[in-house]
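See below for entry26.txt, which holds compact mmCIF, C-alpha atoms.
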# COMPACT_ATOMS: atom_id res chain seq x y z
CA MET A 567 -10.47 26.00 14.33
CA THR A 568 -6.68 26.14 14.58
CA ASP A 569 -6.65 23.65 17.44
CA ARG A 570 -6.43 20.83 14.89
CA ALA A 571 -3.35 22.22 13.15
CA TRP A 572 -1.06 19.86 15.07
CA GLU A 573 -2.61 16.83 13.35
CA SER A 574 -1.52 17.85 9.87
CA ARG A 575 1.89 18.95 11.14
CA LEU A 576 2.50 15.76 13.08
CA ILE A 577 1.53 13.44 10.25
CA THR A 578 3.79 15.46 7.92
CA VAL A 579 6.74 15.11 10.28
CA VAL A 580 6.14 11.39 10.83
CA THR A 581 5.93 10.78 7.09
CA ALA A 582 9.13 12.75 6.45
CA VAL A 583 11.01 10.76 9.11
CA LEU A 584 9.79 7.47 7.63
CA VAL A 585 10.86 8.51 4.12
CA VAL A 586 14.35 9.56 5.26
CA PHE A 587 14.69 6.37 7.27
CA GLY A 588 13.55 4.45 4.20
CA VAL A 589 16.29 5.89 2.01
CA ALA A 590 18.87 4.93 4.64
CA ALA A 591 17.36 1.43 5.00
CA VAL A 592 17.31 0.89 1.21
CA TYR A 593 20.95 1.97 1.03
CA GLY A 594 21.89 -0.44 3.81
CA ALA A 595 20.02 -3.29 2.14
CA SER A 596 21.34 -2.70 -1.39
CA SER A 597 24.75 -1.07 -0.97
CA LEU A 598 26.65 -4.27 -1.81
CA LEU A 599 24.45 -5.42 -4.66
CA SER A 600 25.48 -5.08 -8.29
CA THR A 601 23.27 -4.50 -11.27
CA ALA A 602 23.56 -6.28 -14.59
CA GLY A 603 25.68 -3.40 -15.87
CA GLY A 604 28.10 -3.67 -12.99
CA GLN A 605 26.88 -0.58 -11.18
CA VAL A 606 26.91 -0.65 -7.42
CA GLY A 607 23.51 -1.24 -5.88
CA ALA A 608 23.59 2.08 -4.02
CA ARG A 609 21.72 3.39 -7.07
CA TYR A 610 18.61 1.89 -5.47
CA ALA A 611 18.91 4.43 -2.67
CA LEU A 612 19.39 7.25 -5.19
CA GLY A 613 16.28 6.12 -7.04
CA GLN A 614 14.39 6.03 -3.77
CA ALA A 615 15.55 9.54 -2.94
CA LEU A 616 14.37 10.74 -6.36
CA GLY A 617 10.98 9.14 -5.76
CA ALA A 618 10.84 10.89 -2.37
CA VAL A 619 11.44 14.27 -4.02
CA VAL A 620 8.78 13.72 -6.69
CA GLY A 621 6.31 12.27 -4.18
CA GLY A 622 7.03 15.13 -1.78
CA LEU A 623 6.15 17.66 -4.49
CA PHE A 624 2.88 15.84 -5.19
CA ALA A 625 2.10 15.71 -1.48
CA THR A 626 2.79 19.42 -1.05
CA ILE A 627 0.52 20.34 -3.94
CA LEU A 628 -2.32 17.99 -2.98
CA ALA A 629 -2.20 19.09 0.66
CA ARG A 630 -3.20 22.57 -0.56
CA VAL A 631 -5.96 21.36 -2.87
CA ASP A 632 -9.47 21.19 -1.42
CA TYR A 633 -10.11 17.47 -0.93
CA HIS A 634 -13.73 17.89 -2.06
CA ARG A 635 -12.42 18.11 -5.63
CA TRP A 636 -11.65 14.41 -5.49
CA ARG A 637 -15.39 13.76 -5.70
CA ASP A 638 -15.25 15.05 -9.27
CA TRP A 639 -11.93 13.37 -10.00
CA ALA A 640 -12.92 9.92 -8.68
CA TRP A 641 -14.35 8.50 -11.90
CA PRO A 642 -11.60 9.89 -14.19
CA LEU A 643 -8.94 8.61 -11.77
CA LEU A 644 -10.54 5.16 -11.76
CA GLY A 645 -10.77 5.19 -15.55
CA VAL A 646 -7.10 6.09 -15.99
CA THR A 647 -6.15 3.41 -13.47
CA ALA A 648 -8.20 0.77 -15.28
CA PHE A 649 -6.55 1.73 -18.57
CA LEU A 650 -3.09 1.43 -17.04
CA LEU A 651 -4.01 -1.95 -15.53
CA LEU A 652 -5.16 -3.15 -18.95
CA ILE A 653 -1.89 -2.28 -20.72
CA PRO A 654 0.20 -5.15 -19.22
CA LEU A 655 -2.50 -7.66 -20.17
CA LEU A 656 -2.35 -6.84 -23.89
CA PRO A 657 -0.05 -9.05 -25.99
CA PHE A 658 1.38 -6.17 -28.06
CA THR A 659 2.51 -3.91 -25.20
CA HIS A 660 5.70 -5.71 -24.15
CA ALA A 661 7.77 -2.70 -25.24
CA ILE A 662 6.32 -0.54 -22.46
CA SER A 663 5.28 -3.33 -20.10
CA PRO A 664 7.96 -6.04 -20.11
CA THR A 665 7.88 -9.24 -18.09
CA ILE A 666 9.94 -8.88 -14.92
CA ASN A 667 10.38 -11.84 -12.56
CA GLY A 668 7.58 -13.71 -14.29
CA ALA A 669 5.00 -10.91 -14.05
CA ARG A 670 3.94 -7.83 -16.01
CA ARG A 671 3.16 -5.33 -13.27
CA TRP A 672 4.89 -2.19 -14.54
CA VAL A 673 4.15 0.30 -17.28
CA ASN A 674 6.99 2.44 -18.60
CA LEU A 675 5.68 5.98 -19.06
CA GLY A 676 9.03 7.31 -20.21
CA VAL A 677 9.87 9.51 -17.22
CA LEU A 678 8.59 6.93 -14.73
CA SER A 679 8.03 3.20 -14.54
CA LEU A 680 4.65 2.98 -12.79
CA GLN A 681 3.06 0.01 -11.07
CA PRO A 682 -0.66 0.55 -11.83
CA SER A 683 -1.79 -1.66 -8.94
CA GLU A 684 -0.22 0.83 -6.51
CA LEU A 685 -2.29 3.60 -8.06
CA ALA A 686 -5.33 1.29 -7.94
CA LYS A 687 -5.23 1.24 -4.13
CA PHE A 688 -5.60 5.00 -3.95
CA ALA A 689 -8.08 5.18 -6.84
CA ILE A 690 -10.38 2.60 -5.26
CA VAL A 691 -10.30 4.43 -1.90
CA VAL A 692 -11.23 7.75 -3.55
CA TRP A 693 -13.94 6.20 -5.73
CA CYS A 694 -15.51 4.16 -2.94
CA ALA A 695 -15.49 7.19 -0.61
CA MET A 696 -17.17 9.33 -3.26
CA LEU A 697 -19.87 6.84 -4.20
CA ALA A 698 -20.55 5.68 -0.64
CA ALA A 699 -20.99 9.26 0.57
CA LYS A 700 -23.28 9.94 -2.39
CA LYS A 701 -25.45 6.88 -1.79
CA GLY A 702 -25.97 7.51 1.92
CA GLU A 703 -28.67 5.25 3.32
CA GLN A 704 -29.00 3.40 0.01
CA LEU A 705 -25.73 1.68 0.90
CA ARG A 706 -27.62 -0.51 3.37
CA THR A 707 -29.49 -2.24 0.56
CA PHE A 708 -27.70 -4.85 -1.55
CA ARG A 709 -29.05 -4.10 -5.04
CA THR A 710 -28.54 -0.32 -4.97
CA GLY A 711 -25.86 -0.33 -2.26
CA LEU A 712 -23.15 -2.97 -2.33
CA LEU A 713 -23.82 -4.52 -5.75
CA PRO A 714 -22.69 -1.50 -7.84
CA PHE A 715 -19.36 -1.53 -6.01
CA VAL A 716 -18.92 -5.24 -6.68
CA VAL A 717 -19.62 -4.71 -10.39
CA ILE A 718 -16.71 -2.27 -10.63
CA LEU A 719 -14.35 -4.01 -8.20
CA VAL A 720 -14.50 -7.39 -9.94
CA PRO A 721 -12.89 -6.28 -13.24
CA VAL A 722 -10.37 -3.97 -11.49
CA THR A 723 -9.18 -6.65 -9.08
CA GLY A 724 -9.38 -9.23 -11.85
CA MET A 725 -6.86 -7.28 -13.93
CA ILE A 726 -4.56 -6.99 -10.92
CA PHE A 727 -4.85 -10.73 -10.31
CA LEU A 728 -3.92 -11.49 -13.93
CA GLU A 729 -0.61 -9.57 -13.67
CA PRO A 730 -0.37 -11.84 -11.59
CA SER A 731 -0.62 -10.27 -8.12
CA LEU A 732 -3.12 -12.00 -5.86
CA SER A 733 -1.94 -10.23 -2.70
CA MET A 734 -2.46 -6.79 -4.23
CA ALA A 735 -5.89 -7.77 -5.54
CA VAL A 736 -6.92 -8.93 -2.06
CA LEU A 737 -5.54 -5.73 -0.54
CA VAL A 738 -7.61 -3.59 -2.91
CA VAL A 739 -10.74 -5.55 -1.97
CA LEU A 740 -9.98 -5.10 1.74
CA LEU A 741 -9.55 -1.35 1.28
CA ALA A 742 -12.85 -1.07 -0.54
CA GLY A 743 -14.54 -3.15 2.14
CA THR A 744 -13.11 -0.93 4.88
CA VAL A 745 -14.48 2.23 3.28
CA LEU A 746 -17.90 0.67 2.69
CA PHE A 747 -18.08 -0.77 6.21
CA THR A 748 -17.20 2.65 7.64
CA ALA A 749 -19.95 4.17 5.49
CA GLY A 750 -22.53 1.82 7.01
CA ALA A 751 -22.81 -1.17 4.66
CA ARG A 752 -24.41 -4.23 6.24
CA ILE A 753 -22.20 -7.02 7.57
CA GLY A 754 -24.62 -9.59 6.17
CA HIS A 755 -24.00 -8.32 2.66
CA PHE A 756 -20.24 -8.64 3.17
CA LEU A 757 -20.71 -12.21 4.36
CA ALA A 758 -22.79 -13.03 1.29
CA VAL A 759 -20.10 -11.66 -1.03
CA ALA A 760 -17.38 -13.45 0.95
CA THR A 761 -19.23 -16.75 0.64
CA VAL A 762 -19.13 -16.45 -3.13
CA ALA A 763 -15.53 -15.16 -3.18
CA MET A 764 -13.93 -17.82 -0.95
CA PRO A 765 -14.09 -20.66 -3.52
CA LEU A 766 -12.61 -18.26 -6.09
CA LEU A 767 -9.81 -17.35 -3.69
CA TYR A 768 -9.12 -21.02 -3.00
CA GLY A 769 -8.96 -21.71 -6.74
CA ALA A 770 -6.58 -18.78 -7.24
CA VAL A 771 -4.22 -20.15 -4.58
CA ALA A 772 -4.42 -23.74 -5.82
CA SER A 773 -3.91 -22.77 -9.47
CA ALA A 774 -0.33 -21.52 -8.93
CA GLN A 775 2.36 -23.75 -7.47
CA TYR A 776 4.22 -20.91 -5.76
CA ARG A 777 1.05 -19.68 -4.01
CA LEU A 778 0.26 -23.19 -2.84
CA ALA A 779 3.83 -23.58 -1.56
CA ARG A 780 3.53 -20.35 0.42
CA MET A 781 0.32 -21.54 2.02
CA VAL A 782 1.83 -24.92 2.92
CA THR A 783 4.83 -23.13 4.41
CA PHE A 784 2.56 -21.00 6.57
CA LEU A 785 0.22 -23.77 7.72
CA SER A 786 2.87 -26.44 8.28
CA PRO A 787 6.44 -25.07 8.20
CA GLY A 788 7.99 -28.33 9.38
CA ALA A 789 6.33 -30.37 6.64
CA ALA A 790 7.35 -28.05 3.81
CA PRO A 791 10.60 -28.65 1.88
CA THR A 792 13.61 -26.57 2.91
CA GLU A 793 13.70 -24.63 -0.36
CA VAL A 794 10.08 -23.57 0.18
CA THR A 795 10.66 -22.25 3.71
CA TRP A 796 13.99 -20.62 2.84
CA HIS A 797 12.71 -17.04 2.58
CA VAL A 798 10.87 -17.17 5.88
CA GLN A 799 13.76 -18.81 7.69
CA GLN A 800 16.25 -16.25 6.41
CA SER A 801 13.91 -13.41 7.33
CA LEU A 802 13.60 -14.65 10.91
CA THR A 803 17.35 -15.28 11.06
CA GLY A 804 18.04 -11.70 10.03
CA ILE A 805 15.64 -10.22 12.58
CA GLY A 806 17.08 -12.40 15.33
CA ALA A 807 20.67 -11.49 14.45
CA GLY A 808 19.96 -7.80 15.05
CA GLN A 809 19.35 -8.30 18.78
CA LEU A 810 18.98 -4.95 20.61
CA PHE A 811 20.93 -2.38 18.59
CA GLY A 812 21.58 -4.21 15.29
CA VAL A 813 24.79 -5.04 13.48
CA GLY A 814 25.09 -1.60 11.86
CA VAL A 815 23.83 0.07 8.69
CA GLY A 816 25.08 -1.81 5.64
CA GLN A 817 26.62 -4.56 7.77
CA GLY A 818 23.81 -7.09 7.52
CA GLN A 819 24.64 -10.52 6.10
CA GLN A 820 21.21 -11.72 4.95
CA LYS A 821 21.24 -9.42 1.94
CA LEU A 822 24.33 -11.21 0.57
CA GLY A 823 22.33 -13.74 -1.41
CA TYR A 824 20.48 -15.29 1.54
CA LEU A 825 17.37 -13.10 1.62
CA PRO A 826 15.89 -12.09 -1.75
CA TYR A 827 14.56 -8.56 -2.22
CA ALA A 828 16.05 -7.44 1.08
CA TYR A 829 15.54 -3.84 -0.03
CA SER A 830 11.82 -4.20 -0.86
CA ASP A 831 9.64 -7.20 0.03
CA PHE A 832 11.76 -8.09 3.10
CA ILE A 833 13.14 -4.72 4.12
CA PHE A 834 11.64 -5.00 7.61
CA SER A 835 13.85 -8.03 8.18
CA THR A 836 16.85 -5.98 7.03
CA ILE A 837 15.89 -3.21 9.45
CA GLY A 838 15.67 -5.77 12.25
CA GLU A 839 19.14 -7.07 11.42
CA GLU A 840 20.92 -3.77 10.88
CA TRP A 841 19.03 -1.52 13.30
CA GLY A 842 18.03 -4.10 15.90
CA PHE A 843 15.02 -4.11 18.22
CA VAL A 844 15.42 -0.37 18.80
CA GLY A 845 15.04 0.33 15.09
CA VAL A 846 12.08 -2.01 14.75
CA LEU A 847 10.38 -0.42 17.75
CA ALA A 848 10.97 3.07 16.35
CA ILE A 849 9.44 2.12 12.99
CA ALA A 850 6.42 0.51 14.67
CA ALA A 851 5.92 3.62 16.83
CA LEU A 852 6.08 5.92 13.80
CA PHE A 853 3.55 3.90 11.84
CA GLY A 854 1.35 3.62 14.92
CA THR A 855 1.42 7.39 15.25
CA PHE A 856 0.55 7.79 11.55
CA VAL A 857 -2.49 5.53 11.88
CA TRP A 858 -3.63 7.18 15.14
CA VAL A 859 -3.41 10.69 13.71
CA GLY A 860 -4.99 9.57 10.43
CA LEU A 861 -8.02 8.16 12.24
CA ARG A 862 -8.31 11.36 14.29
CA ILE A 863 -8.34 13.33 11.06
CA ALA A 864 -11.08 11.05 9.74
CA ARG A 865 -13.16 11.46 12.88
CA ASN A 866 -12.92 15.26 12.77
CA ALA A 867 -13.45 15.66 9.01
CA ASP A 868 -16.03 18.16 7.75
CA ASP A 869 -18.31 15.66 6.04
CA LEU A 870 -18.88 11.99 5.35
CA PHE A 871 -16.76 12.06 2.18
CA GLY A 872 -13.81 13.46 4.13
CA GLN A 873 -14.29 10.86 6.85
CA LEU A 874 -14.35 7.98 4.38
CA LEU A 875 -11.45 9.35 2.33
CA ALA A 876 -9.23 9.85 5.39
CA THR A 877 -10.17 6.43 6.78
CA GLY A 878 -9.39 4.71 3.48
CA ILE A 879 -6.00 6.39 3.10
CA THR A 880 -5.06 5.64 6.71
CA VAL A 881 -6.03 1.98 6.36
CA MET A 882 -4.22 1.83 3.00
CA ILE A 883 -0.98 2.66 4.79
CA GLY A 884 -1.67 0.79 8.04
CA LEU A 885 -2.87 -2.45 6.45
CA SER A 886 0.16 -2.56 4.14
CA VAL A 887 2.39 -2.18 7.20
CA VAL A 888 0.66 -5.04 9.00
CA LEU A 889 0.86 -7.34 5.97
CA HIS A 890 4.54 -6.57 5.33
CA MET A 891 5.58 -7.02 8.94
CA GLY A 892 3.43 -10.14 9.23
CA VAL A 893 5.21 -11.76 6.29
CA THR A 894 8.71 -11.02 7.62
CA LEU A 895 7.71 -12.35 11.04
CA ALA A 896 6.07 -15.47 9.50
CA VAL A 897 2.67 -14.81 11.07
CA ILE A 898 0.89 -14.60 7.69
CA PRO A 899 1.59 -16.30 4.33
CA ALA A 900 4.25 -14.69 2.17
CA THR A 901 3.00 -11.87 -0.08
CA GLY A 902 4.61 -9.17 -2.17
CA VAL A 903 3.30 -6.20 -0.16
CA THR A 904 5.97 -3.56 0.45
CA LEU A 905 6.49 -1.41 3.54
CA PRO A 906 5.04 2.08 2.85
CA PHE A 907 7.51 4.98 2.63
CA ILE A 908 10.44 2.61 3.27
CA SER A 909 10.61 -0.28 0.78
CA HIS A 910 12.31 0.39 -2.53
CA GLY A 911 9.85 1.28 -5.25
CA ARG A 912 9.34 4.76 -6.64
CA SER A 913 5.75 4.31 -7.81
CA ALA A 914 4.69 2.94 -4.43
CA LEU A 915 6.48 5.77 -2.63
CA ILE A 916 5.01 8.47 -4.87
CA VAL A 917 1.46 7.13 -4.48
CA ALA A 918 1.84 6.83 -0.69
CA LEU A 919 3.15 10.39 -0.40
CA ALA A 920 0.45 11.77 -2.70
CA ALA A 921 -2.22 10.01 -0.63
CA THR A 922 -0.70 11.47 2.52
CA GLY A 923 -0.97 14.92 0.95
CA VAL A 924 -4.69 14.31 0.44
CA LEU A 925 -4.96 13.20 4.07
CA VAL A 926 -3.35 16.47 5.17
CA SER A 927 -5.85 18.31 2.97
CA VAL A 928 -8.70 16.65 4.87
CA ALA A 929 -7.08 17.74 8.14
CA ARG A 930 -6.87 21.32 6.89
CA GLY A 931 -10.46 21.33 5.65
CA ARG A 932 -11.96 22.60 8.90
CA ARG A 933 -9.48 25.46 9.10
CA ARG A 934 -10.14 26.45 5.49
CA ARG A 935 -13.87 26.52 6.14
CA ALA A 936 -13.42 28.53 9.33
CA ALA A 937 -11.22 31.04 7.48
CA ALA A 938 -13.76 31.34 4.68
CA GLY A 939 -16.51 31.93 7.24
Give the structure from this file in structure tokens form.
Amino acid sequence: MTDRAWESRLITVVTAVLVVFGVAAVYGASSLLSTAGGQVGARYALGQALGAVVGGLFATILARVDYHRWRDWAWPLLGVTAFLLLIPLLPFTHAISPTINGARRWVNLGVLSLQPSELAKFAIVVWCAMLAAKKGEQLRTFRTGLLPFVVILVPVTGMIFLEPSLSMAVLVVLLAGTVLFTAGARIGHFLAVATVAMPLLYGAVASAQYRLARMVTFLSPGAAPTEVTWHVQQSLTGIGAGQLFGVGVGQGQQKLGYLPYAYSDFIFSTIGEEWGFVGVLAIAALFGTFVWVGLRIARNADDLFGQLLATGITVMIGLSVVLHMGVTLAVIPATGVTLPFISHGRSALIVALAATGVLVSVARGRRRRAAAG
């Protein structure tokens, strides 16, 4: 069964290229920034490189671990994730979970500042894949199929929402829905849950002024005040300024106070400005290749658990890409979803690389079984 070896090798190469490109893009987007201590912002790129090394080690180890072990690790992983999500919500944990930019989304573990919601994406994929594969045909009934998943997902996504991070909570729900739909859950059950969830989603948007402003900006850009549409306008300006080959790495102007978080939430706009259409096209091709190979791995997996796990991980990366690019191109409302492997953020990078290692493990599963036979 060595004919499938190219899948694991190709996805490894694609991921490595994206990570290296990400370090360069983060450097270009942050090289002229200064921190509160007066240090040059190039430290963002160094931090990203450190995250790449740590994440690469995790990926290498997990790629060699039999992915079937995640069936036993699913519940403990979900429990640890839920505990980490709870920490920022407690009033006496500000020492390890401070408020940053109006939200408490990080937990300082000493050696690493972790964003639990990033880990939640992977944990939910693993847990849903495990339980859906275990339930089998029972998944097509609501009471014993979809309802148990809803019971667990509601508190997990609720804690993410209270950080607050509505976009991440919605993303986790979409990932869970993707895994369950792939496993054979009924569309009618999804529609029933969506009918109940839509008023809650509307209330969540209407309850926060900044969320409402983002929605108004998306639905009617011309009617929204200039300060509300500023981010989107600057993002489009940066992408347009790049033209075919870009203005050069580190030479972009939008990062100089015009476009906030040019090295994370809007890094695709920075890539468009500094690398041009050629750079944007290259990034899109690399992510397209990742998703294509990931779905091939899912289709050829040994068992249903492997299929669901590989599908969930692939969609976790692909959907984040679509949401990030959609925001920078103003085709969806603004969210805080980062670009996998590229945007600054060590916890997001480490989780994405670790998940990719698990995906490679699924790809290697058939060869391991053939060798054992």
Within 10 Å of stretch 675-688 of chain A: each stretch 696-742 of chain A residue with its shortest pair, all atoms listed in the file, as a Markdown table:
| residue | atom | partner | partner_atom | distance |
| --- | --- | --- | --- | --- |
| A:Val722 | CA | A:Ala686 | CA | 8.1 |
| A:Thr723 | CA | A:Ala686 | CA | 8.9 |
| A:Met725 | CA | A:Ser683 | CA | 9.1 |
| A:Ile726 | CA | A:Ser683 | CA | 6.3 |
| A:Phe727 | CA | A:Ser683 | CA | 9.7 |
| A:Glu729 | CA | A:Ser683 | CA | 9.3 |
| A:Ser731 | CA | A:Ser683 | CA | 8.7 |
| A:Met734 | CA | A:Ser683 | CA | 7.0 |
| A:Ala735 | CA | A:Ser683 | CA | 8.1 |
| A:Leu737 | CA | A:Lys687 | CA | 7.8 |
| A:Val738 | CA | A:Lys687 | CA | 5.5 |
| A:Val739 | CA | A:Lys687 | CA | 9.0 |
| A:Leu740 | CA | A:Lys687 | CA | 9.9 |
| A:Leu741 | CA | A:Lys687 | CA | 7.4 |
| A:Ala742 | CA | A:Lys687 | CA | 8.7 |
Give the answer as one residue: which of A:Ala751, A:Val881, A:Leu870, A:Ala611 has the shortest atom-to-atom distance to A:Ala595, using all atoms listed in the file?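 For A:Ala595, the nearest of the given residues is A:Ala611.
If all atoms listed in the file are the atoms counted, then among A:Gly622, A:Pro654, A:Gly892, A:Gly711 the closest residue to A:Leu697 is A:Gly711.
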Restricting the calculation to all atoms listed in the file, which member of A:Val717, A:Ala582, A:Ala774, A:Ala689 is positioned closest to A:Ala625?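 Of all the options, A:Ala582 lies closest to A:Ala625.
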Surrounding residues of A:Gln704 excluding itself and chain neighbours under 4 positions, 12 Å, all atoms listed in the file, as JSON, numbers by chain: {"A": [697, 698, 699, 700, 708, 709, 710, 711, 712, 713, 714, 746, 749, 750, 751, 752]}
Model the absent atoms of stretch 897-916 of chain A so that N, CA, C and O atoms are present, and write the result as a tab-separated table (two decimals), in the coordinates of the input.
chain	number	residue	atom	x	y	z
A	897	VAL	N	3.98	-14.65	10.43
A	897	VAL	CA	2.67	-14.81	11.07
A	897	VAL	C	1.54	-14.80	10.04
A	897	VAL	O	0.38	-15.08	10.39
A	898	ILE	N	1.85	-14.47	8.78
A	898	ILE	CA	0.89	-14.60	7.69
A	898	ILE	C	1.63	-15.17	6.48
A	898	ILE	O	2.87	-15.08	6.42
A	899	PRO	N	0.92	-15.76	5.51
A	899	PRO	CA	1.59	-16.30	4.33
A	899	PRO	C	2.35	-15.23	3.57
A	899	PRO	O	1.98	-14.05	3.59
A	900	ALA	N	3.41	-15.62	2.90
A	900	ALA	CA	4.25	-14.69	2.17
A	900	ALA	C	3.46	-13.99	1.06
A	900	ALA	O	2.71	-14.62	0.32
A	901	THR	N	3.61	-12.68	0.98
A	901	THR	CA	3.00	-11.87	-0.08
A	901	THR	C	4.05	-10.90	-0.61
A	901	THR	O	5.16	-10.83	-0.10
A	902	GLY	N	3.68	-10.14	-1.61
A	902	GLY	CA	4.61	-9.17	-2.17
A	902	GLY	C	4.30	-7.74	-1.77
A	902	GLY	O	4.61	-6.81	-2.50
A	903	VAL	N	3.66	-7.54	-0.61
A	903	VAL	CA	3.30	-6.20	-0.16
A	903	VAL	C	4.52	-5.51	0.44
A	903	VAL	O	5.19	-6.06	1.32
A	904	THR	N	4.80	-4.30	-0.03
A	904	THR	CA	5.97	-3.56	0.45
A	904	THR	C	5.63	-2.72	1.67
A	904	THR	O	4.45	-2.51	2.00
A	905	LEU	N	6.67	-2.24	2.35
A	905	LEU	CA	6.49	-1.41	3.54
A	905	LEU	C	6.38	0.05	3.10
A	905	LEU	O	7.32	0.60	2.53
A	906	PRO	N	5.23	0.70	3.33
A	906	PRO	CA	5.04	2.08	2.85
A	906	PRO	C	6.13	3.03	3.31
A	906	PRO	O	6.61	2.95	4.44
A	907	PHE	N	6.52	3.93	2.40
A	907	PHE	CA	7.51	4.98	2.63
A	907	PHE	C	8.94	4.46	2.78
A	907	PHE	O	9.89	5.24	2.73
A	908	ILE	N	9.12	3.15	2.95
A	908	ILE	CA	10.44	2.61	3.27
A	908	ILE	C	10.95	1.65	2.20
A	908	ILE	O	12.09	1.78	1.74
A	909	SER	N	10.16	0.68	1.80
A	909	SER	CA	10.61	-0.28	0.78
A	909	SER	C	10.96	0.41	-0.52
A	909	SER	O	10.35	1.43	-0.89
A	910	HIS	N	11.93	-0.16	-1.23
A	910	HIS	CA	12.31	0.39	-2.53
A	910	HIS	C	11.16	0.24	-3.51
A	910	HIS	O	10.51	-0.80	-3.58
A	911	GLY	N	10.92	1.28	-4.26
A	911	GLY	CA	9.85	1.28	-5.25
A	911	GLY	C	9.32	2.69	-5.40
A	911	GLY	O	8.60	3.18	-4.54
A	912	ARG	N	9.69	3.35	-6.50
A	912	ARG	CA	9.34	4.76	-6.64
A	912	ARG	C	7.84	4.98	-6.83
A	912	ARG	O	7.27	5.93	-6.27
A	913	SER	N	7.19	4.11	-7.60
A	913	SER	CA	5.75	4.31	-7.81
A	913	SER	C	4.98	4.14	-6.51
A	913	SER	O	4.06	4.91	-6.21
A	914	ALA	N	5.35	3.14	-5.71
A	914	ALA	CA	4.69	2.94	-4.43
A	914	ALA	C	4.93	4.12	-3.50
A	914	ALA	O	4.01	4.58	-2.79
A	915	LEU	N	6.15	4.64	-3.49
A	915	LEU	CA	6.48	5.77	-2.63
A	915	LEU	C	5.73	7.03	-3.06
A	915	LEU	O	5.19	7.76	-2.22
A	916	ILE	N	5.70	7.28	-4.37
A	916	ILE	CA	5.01	8.47	-4.87
A	916	ILE	C	3.52	8.43	-4.56
A	916	ILE	O	2.93	9.43	-4.12
